[in-house]
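This is entry01.cif. It holds mmCIF, C-alpha atoms.
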data_start
#
loop_
_atom_site.label_atom_id
_atom_site.label_comp_id
_atom_site.auth_asym_id
_atom_site.auth_seq_id
_atom_site.Cartn_x
_atom_site.Cartn_y
_atom_site.Cartn_z
CA MET U 1 43.46 2.24 280.09
CA ASN U 2 39.77 2.97 280.81
CA ARG U 3 40.54 6.71 280.82
CA PHE U 4 42.20 6.42 277.39
CA ILE U 5 39.17 4.61 275.94
CA LEU U 6 36.86 7.31 277.34
CA VAL U 7 38.90 10.09 275.71
CA VAL U 8 38.82 8.29 272.35
CA LEU U 9 35.08 7.78 272.58
CA LEU U 10 34.52 11.47 273.38
CA ALA U 11 36.65 12.48 270.40
CA LEU U 12 34.74 10.18 268.08
CA CYS U 13 31.43 11.55 269.36
CA GLY U 14 32.66 15.08 268.66
CA LEU U 15 33.63 14.17 265.10
CA GLY U 16 30.27 12.57 264.53
CA SER U 17 28.20 15.46 265.87
CA ALA U 18 25.63 16.77 263.48
CA GLN U 19 26.62 19.75 261.28
CA PRO U 20 24.03 22.35 260.27
CA ALA U 21 22.31 21.12 257.13
CA GLU U 22 22.80 22.85 253.79
CA ARG U 23 19.73 24.77 252.68
CA VAL U 24 18.71 25.30 249.07
CA SER U 25 15.72 27.53 248.35
CA VAL U 26 14.10 28.35 245.04
CA ILE U 27 12.19 31.65 245.27
CA SER U 28 9.96 32.99 242.52
CA ILE U 29 10.53 36.60 241.50
CA VAL U 30 7.40 38.68 242.03
CA ASP U 31 6.99 41.75 239.81
CA HIS U 32 5.96 44.71 241.98
CA SER U 33 6.39 47.36 239.28
CA PRO U 34 3.99 50.32 239.31
CA SER U 35 0.89 50.18 237.16
CA GLY U 36 1.57 50.95 233.50
CA SER U 37 5.13 49.60 233.49
CA PRO U 38 6.34 48.93 229.92
CA LEU U 39 8.26 45.87 231.15
CA SER U 40 7.26 42.66 232.87
CA VAL U 41 9.70 40.60 234.93
CA ARG U 42 9.43 36.97 235.96
CA GLY U 43 11.86 34.24 236.97
CA ASP U 44 13.38 32.75 240.09
CA VAL U 45 16.37 32.91 242.40
CA THR U 46 18.08 29.85 243.90
CA ALA U 47 19.67 30.65 247.27
CA TYR U 48 22.30 28.37 248.81
CA ASP U 49 23.17 28.42 252.52
CA LYS U 50 26.03 26.20 253.74
CA PRO U 51 26.34 26.98 257.47
CA ALA U 52 29.40 24.76 257.90
CA GLU U 53 31.44 26.90 255.49
CA GLN U 54 33.00 30.28 256.22
CA LEU U 55 31.61 31.79 253.01
CA ARG U 56 28.22 30.22 253.47
CA TYR U 57 25.94 32.03 251.02
CA SER U 58 25.62 32.08 247.23
CA VAL U 59 22.79 32.86 244.83
CA LYS U 60 21.93 32.04 241.23
CA GLY U 61 19.16 33.79 239.35
CA ARG U 62 17.37 33.83 236.04
CA ALA U 63 14.81 36.32 234.85
CA SER U 64 12.73 36.88 231.72
CA VAL U 65 12.23 40.57 230.95
CA THR U 66 9.58 41.39 228.34
CA ASN U 67 9.01 44.69 226.55
CA THR U 68 5.21 44.80 226.80
CA SER U 69 4.98 48.19 225.09
CA ALA U 70 4.53 48.97 221.41
CA ARG U 71 7.81 50.94 221.19
CA PRO U 72 11.51 50.02 221.04
CA ILE U 73 13.49 50.71 224.20
CA VAL U 74 17.03 52.11 224.59
CA LEU U 75 17.47 51.97 228.38
CA THR U 76 16.01 50.02 231.30
CA VAL U 77 16.59 50.28 235.06
CA VAL U 78 15.25 47.41 237.17
CA SER U 79 15.71 46.67 240.87
CA LEU U 80 15.73 43.28 242.56
CA VAL U 81 15.29 43.10 246.34
CA GLY U 82 15.35 40.00 248.53
CA THR U 83 13.74 39.50 251.94
CA ASN U 84 15.63 36.94 254.05
CA VAL U 85 17.70 36.17 250.94
CA PRO U 86 21.30 37.39 251.48
CA GLY U 87 22.98 38.79 248.38
CA VAL U 88 19.83 39.83 246.54
CA ASN U 89 19.65 43.62 246.57
CA ASP U 90 20.69 45.19 243.30
CA THR U 91 19.72 47.65 240.59
CA SER U 92 20.59 46.64 237.03
CA LEU U 93 21.01 49.00 234.08
CA HIS U 94 20.68 47.75 230.51
CA GLU U 95 21.81 50.20 227.83
CA TYR U 96 20.79 49.50 224.22
CA TYR U 97 21.94 52.82 222.81
CA PHE U 98 25.09 51.31 221.29
CA SER U 99 23.56 48.00 220.23
CA GLU U 100 20.30 46.52 218.94
CA LEU U 101 17.19 48.03 220.49
CA PHE U 102 14.95 46.14 222.90
CA GLU U 103 12.10 45.65 220.45
CA PRO U 104 8.35 45.64 221.30
CA ARG U 105 6.87 42.32 222.49
CA SER U 106 10.33 40.76 222.70
CA THR U 107 11.77 38.95 225.73
CA GLU U 108 15.30 38.85 227.08
CA GLU U 109 16.63 36.03 229.25
CA ARG U 110 19.02 37.22 231.93
CA GLU U 111 21.07 34.98 234.24
CA TRP U 112 23.52 35.79 237.02
CA THR U 113 25.42 34.27 239.94
CA PHE U 114 26.83 35.84 243.09
CA GLY U 115 29.04 34.31 245.73
CA PRO U 116 30.10 32.54 247.74
CA PHE U 117 30.08 35.28 250.35
CA VAL U 118 29.41 35.99 254.00
CA SER U 119 26.65 38.39 255.10
CA ARG U 120 27.84 40.71 257.86
CA THR U 121 27.08 44.10 259.37
CA GLU U 122 29.14 46.39 261.59
CA VAL U 123 27.67 47.07 265.04
CA THR U 124 28.82 49.42 267.80
CA SER U 125 28.71 48.46 271.46
CA GLU U 126 30.41 49.48 274.70
CA GLU U 127 33.26 47.21 273.68
CA GLY U 128 33.70 49.07 270.39
CA LYS U 129 32.90 48.24 266.79
CA LYS U 130 32.74 44.69 265.53
CA TRP U 131 31.37 42.69 262.62
CA VAL U 132 28.40 40.41 263.24
CA ASP U 133 27.14 37.70 260.89
CA LEU U 134 23.62 38.23 259.58
CA GLU U 135 21.71 34.98 259.63
CA PRO U 136 18.07 34.85 258.50
CA ALA U 137 15.91 32.97 260.96
CA ARG U 138 15.29 29.38 260.04
CA GLY U 139 11.82 29.09 258.58
CA ALA U 140 11.56 32.82 257.83
CA GLN U 141 9.63 33.51 254.63
CA GLN U 142 11.88 34.31 251.69
CA LYS U 143 10.81 36.74 248.97
CA VAL U 144 12.37 38.33 245.89
CA SER U 145 10.70 41.39 244.40
CA ALA U 146 11.41 43.05 241.06
CA SER U 147 10.49 46.62 240.23
CA VAL U 148 10.92 48.52 236.97
CA LEU U 149 12.27 51.96 237.93
CA PHE U 150 12.91 53.67 234.60
CA VAL U 151 12.59 53.10 230.85
CA GLN U 152 13.68 55.29 227.94
CA PHE U 153 12.16 54.64 224.53
CA ALA U 154 13.88 55.07 221.18
CA ASP U 155 12.00 58.32 220.52
CA GLY U 156 13.46 59.79 223.73
CA SER U 157 10.28 59.65 225.79
CA THR U 158 10.50 58.04 229.21
CA TRP U 159 8.58 56.18 231.88
CA GLY U 160 9.44 56.12 235.58
CA ASP U 161 11.82 58.05 237.81
CA ARG U 162 14.47 59.97 235.83
CA GLU U 163 16.72 60.17 238.89
CA GLU U 164 17.26 56.41 238.64
CA ALA U 165 18.82 56.90 235.19
CA LYS U 166 21.20 59.77 235.99
CA ALA U 167 24.30 57.59 236.18
CA ALA U 168 23.45 55.64 233.01
CA LEU U 169 22.71 58.77 231.01
CA ALA U 170 25.90 60.45 232.23
CA THR U 171 27.87 57.40 231.09
CA ARG U 172 26.12 57.57 227.72
CA ARG U 173 26.99 61.24 227.26
CA GLU U 174 30.64 60.60 228.08
CA SER U 175 30.69 57.58 225.77
CA VAL U 176 29.27 59.53 222.82
CA LYS U 177 31.72 62.36 223.39
CA ARG U 178 34.63 59.93 223.51
CA LEU U 179 33.54 58.05 220.37
CA PHE U 180 33.39 61.23 218.32
CA GLU U 181 36.77 62.30 219.70
CA LEU U 182 38.28 59.01 218.56
CA GLU U 183 36.69 59.29 215.14
CA SER U 184 38.04 62.83 214.75
CA ILE U 185 41.55 61.75 215.78
CA TYR U 186 41.54 58.92 213.25
CA ARG U 187 40.33 61.15 210.41
CA HIS U 188 42.58 64.13 211.11
CA GLU U 189 45.67 62.75 212.89
CA GLY U 190 46.01 59.26 211.48
CA GLU U 191 46.14 55.67 212.61
CA ALA U 192 49.09 55.92 215.01
CA ALA U 193 47.54 58.79 216.97
CA PHE U 194 44.21 56.93 217.05
CA VAL U 195 45.78 53.75 218.46
CA GLU U 196 47.64 55.73 221.11
CA ASP U 197 44.53 57.61 222.20
CA LEU U 198 42.33 54.51 222.22
CA ALA U 199 44.73 52.84 224.66
CA LYS U 200 44.06 55.44 227.38
CA PRO U 201 42.46 53.97 230.55
CA THR U 202 38.66 54.14 230.58
CA ASP U 203 35.69 52.97 232.63
CA LEU U 204 33.25 53.42 229.73
CA PRO U 205 32.00 49.97 228.61
CA VAL U 206 31.62 50.86 224.92
CA ILE U 207 35.20 52.19 224.79
CA SER U 208 36.47 49.14 226.68
CA GLY U 209 34.81 47.06 223.99
CA LEU U 210 36.82 48.85 221.31
CA GLN U 211 40.00 48.32 223.32
CA ASP U 212 39.29 44.59 223.62
CA LEU U 213 38.64 44.45 219.88
CA SER U 214 41.99 46.12 219.23
CA ASN U 215 43.74 43.26 221.04
CA HIS U 216 42.33 40.62 218.69
CA SER U 217 41.51 42.31 215.37
CA ASP U 218 43.19 44.32 212.66
CA MET U 219 42.73 48.06 212.35
CA SER U 220 40.08 47.89 209.64
CA LYS U 221 37.68 46.02 211.95
CA ILE U 222 38.24 48.49 214.79
CA VAL U 223 37.60 51.49 212.56
CA ASP U 224 34.56 49.79 211.04
CA ARG U 225 33.13 49.23 214.51
CA LEU U 226 33.80 52.87 215.44
CA VAL U 227 32.07 54.17 212.31
CA ARG U 228 29.07 51.91 212.92
CA LEU U 229 28.79 53.22 216.48
CA THR U 230 28.88 56.89 215.45
CA SER U 231 26.38 56.17 212.65
CA LEU U 232 24.09 54.52 215.20
CA ILE U 233 24.33 57.60 217.40
CA GLU U 234 23.27 59.77 214.47
CA GLU U 235 20.28 57.48 213.88
CA HIS U 236 19.22 57.97 217.50
CA ARG U 237 19.61 61.70 217.06
CA ARG U 238 17.17 61.68 214.15
CA SER U 239 14.61 59.48 215.90
CA MET U 240 14.63 61.23 219.28
CA LYS U 241 12.46 64.22 219.97
CA SER U 242 14.37 67.48 220.29
CA GLU U 243 13.36 68.01 223.93
CA ALA U 244 14.55 64.51 224.81
CA ARG U 245 17.92 65.14 223.17
CA ALA U 246 18.31 68.32 225.16
CA THR U 247 17.41 66.90 228.59
CA LEU U 248 18.11 63.19 228.58
CA ASP U 249 20.32 62.28 225.67
CA VAL U 250 23.69 63.64 224.54
CA ARG U 251 25.19 66.76 223.10
CA TYR U 252 26.02 65.92 219.53
CA PRO U 253 29.01 67.51 217.85
CA LYS U 254 28.16 69.87 215.06
#
Would it be possible to restate this file's structure as structure tokens?
Amino acid sequence: MNRFILVVLLALCGLGSAQPAERVSVISIVDHSPSGSPLSVRGDVTAYDKPAEQLRYSVKGRASVTNTSARPIVLTVVSLVGTNVPGVNDTSLHEYYFSELFEPRSTEEREWTFGPFVSRTEVTSEEGKKWVDLEPARGAQQKVSASVLFVQFADGSTWGDREEAKAALATRRESVKRLFELESIYRHEGEAAFVEDLAKPTDLPVISGLQDLSNHSDMSKIVDRLVRLTSLIEEHRRSMKSEARATLDVRYPK
């Protein structure tokens, strides 16, 4: 009987043992952009750590990005890097070429969430490869740094490292090419051929937008959107310097 009571007491003590406490940290974003950056970035990131859960980490962020220049902007590339903040290490691209420009002295509010997730890395030892959880030391200082990497203005001039914009500009070129192809198909081959061609798989956001519109709108709205996009492209062509069009922008159909 005494042995049974002892076992029960040990079990109850195990159930009542302290679990690692949840940690919530609010970290201010510090703008470490090079001198002369045409953007300023401020905001904060809230980091959640729940050690008792398998997917223990999640983050929520908000940032205010201001165009501090005197010129409209068509493309921005900004990085966000966290120190001892799992899940914060990203480069964001914002393309305004197919929408309203990022006007001078204006501010955009951006919010995002990520997680829950687990932070792991693969290590190699004598026993072979295995995954090990990455756990920031308790009490370690947490930082989040923002840096503006690249900006393209509406006149085609740029600031920053052009290499950071290669992927975005390649996507833009492909998007422009595809939009003019669709417009040509509609004008010369008719509505049925246009609908069939628009349905082709794509990873171009502006084309995906047209496809989504086609699922909820009639043909006149889709064509109107397409015409407005190609007209907007022509406006950019007129406002951009010729050297910028040749090196950074798109090849326009004649």
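Note that the spacing between atom CA of Gln152 of chain U and atom CA of Glu174 of chain U amounts to 17.8 Å.
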(request) Starting from the shown file, work through the PyMOL selection byres ((chain U and resi 171) around 10) and note down what comes out as a PyMOL selection string. (result) chain U and resi 95+165-170+172-177+203-206+250
(message) When you count all atoms listed in the file, which of these residues is closest to Gly43 of chain U: U:Arg62, U:Lys221, U:His236, U:Val26?
(response) U:Arg62
(request) In Å, rounded to a single decimal, give me how far atom CA of Val77 of chain U is from atom CA of Thr230 of chain U. (result)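 Distance reported for this atom pair: 24.1 Å.
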(message) Quick check on the file I pasted: which residues fall under the PyMOL selection byres ((chain U and resi 89) around 10)? Write them as a PyMOL selection string.
(response) chain U and resi 79-83+85-88+90-91+144-146
(message) Once the PyMOL selection byres ((chain U and resi 37) around 12) has been evaluated on this model, what residues remain selected, and can you format them as a list of chain:residue names?
(response)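 For this structure, the PyMOL selection byres ((chain U and resi 37) around 12) resolves to U:Asp31, U:His32, U:Ser33, U:Pro34, U:Ser35, U:Gly36, U:Pro38, U:Leu39, U:Ser40, U:Val41, U:Val65, U:Thr66, U:Asn67, U:Thr68, U:Ser69, U:Thr76, U:Val77, U:Val78, U:Ala146, U:Ser147, U:Val148, U:Leu149, U:Phe150, U:Val151, U:Gln152, U:Thr158, U:Trp159, U:Gly160, U:Asp161.
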Neighbour residues at most 12 Å from (41.1, 63.6, 218.6) (all atoms listed in the file) as a short mmCIF file (atom, residue, chain, number, x, y, z; two decimals) with C-alpha atoms, in the frame of the given file:
data_model
loop_
_atom_site.label_atom_id
_atom_site.label_comp_id
_atom_site.auth_asym_id
_atom_site.auth_seq_id
_atom_site.Cartn_x
_atom_site.Cartn_y
_atom_site.Cartn_z
CA LYS U 177 31.72 62.36 223.39
CA ARG U 178 34.63 59.93 223.51
CA LEU U 179 33.54 58.05 220.37
CA PHE U 180 33.39 61.23 218.32
CA GLU U 181 36.77 62.30 219.70
CA LEU U 182 38.28 59.01 218.56
CA GLU U 183 36.69 59.29 215.14
CA SER U 184 38.04 62.83 214.75
CA ILE U 185 41.55 61.75 215.78
CA TYR U 186 41.54 58.92 213.25
CA ARG U 187 40.33 61.15 210.41
CA HIS U 188 42.58 64.13 211.11
CA GLU U 189 45.67 62.75 212.89
CA GLY U 190 46.01 59.26 211.48
CA GLU U 191 46.14 55.67 212.61
CA ALA U 192 49.09 55.92 215.01
CA ALA U 193 47.54 58.79 216.97
CA PHE U 194 44.21 56.93 217.05
CA VAL U 195 45.78 53.75 218.46
CA GLU U 196 47.64 55.73 221.11
CA ASP U 197 44.53 57.61 222.20
CA LEU U 198 42.33 54.51 222.22
#
(request) Rank U:Ala154, U:Leu229, U:Val59, U:Ala137 by their smallest atom-to-atom distance to Leu101 of chain U, using all atoms listed in the file, and report the top residue only. (result) U:Ala154
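Nearest to Glu164 of chain U of all the residues U:Ser106, U:Ser25, U:Ser92, U:Ser58 is U:Ser92, based on all atoms listed in the file.
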(request) Provide the atom CA of Ser64 of chain U to atom CA of Arg105 of chain U distance in Å, to one decimal place. (result)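 Straight-line distance from atom CA of Ser64 of chain U to atom CA of Arg105 of chain U works out to 12.2 Å.
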(message) Which residue is closest to Glu108 of chain U? Choose from U:Arg42, U:Arg138, U:Arg71, U:Lys50 and count all atoms listed in the file.
(response)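 Residue with the minimum atom-to-atom distance to Glu108 of chain U: U:Arg42.
Using all atoms listed in the file for every distance, the candidate list U:Ser119, U:Gln142, U:Gln54, U:Ser220 yields U:Gln142 as the residue closest to Asn84 of chain U.
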Around all the atoms of segment 90-102 of chain U listed in the file, draw an axis-aligned box and extend it by 8 Å on each of the six sides; I want its centre and edge lengths in Å to one decimal, as JSON.
{"center_x": 20.0, "center_y": 49.0, "center_z": 231.1, "size_x": 26.1, "size_y": 23.6, "size_z": 40.4}
(message) Taking 2 positions as the minimum chain separation for residues in the same chain, which residues sit within 10 Å of Gly61 of chain U when counting only C-alpha atoms? Answer as a list of chain:residue names.
(response)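 In the requested form, the answer reads U:Val26, U:Ile27, U:Ser28, U:Ile29, U:Gly43, U:Asp44, U:Val45, U:Thr46, U:Ala47, U:Val59, U:Ala63, U:Val88, U:Arg110, U:Glu111, U:Trp112, U:Thr113, U:Phe114.
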(request) Using all atoms listed in the file, find the one residue out of U:Pro104, U:Val118, U:Glu53, U:Phe98 that sits nearest to Leu226 of chain U. (result)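 Of the candidates, the smallest distance to Leu226 of chain U is held by U:Phe98.
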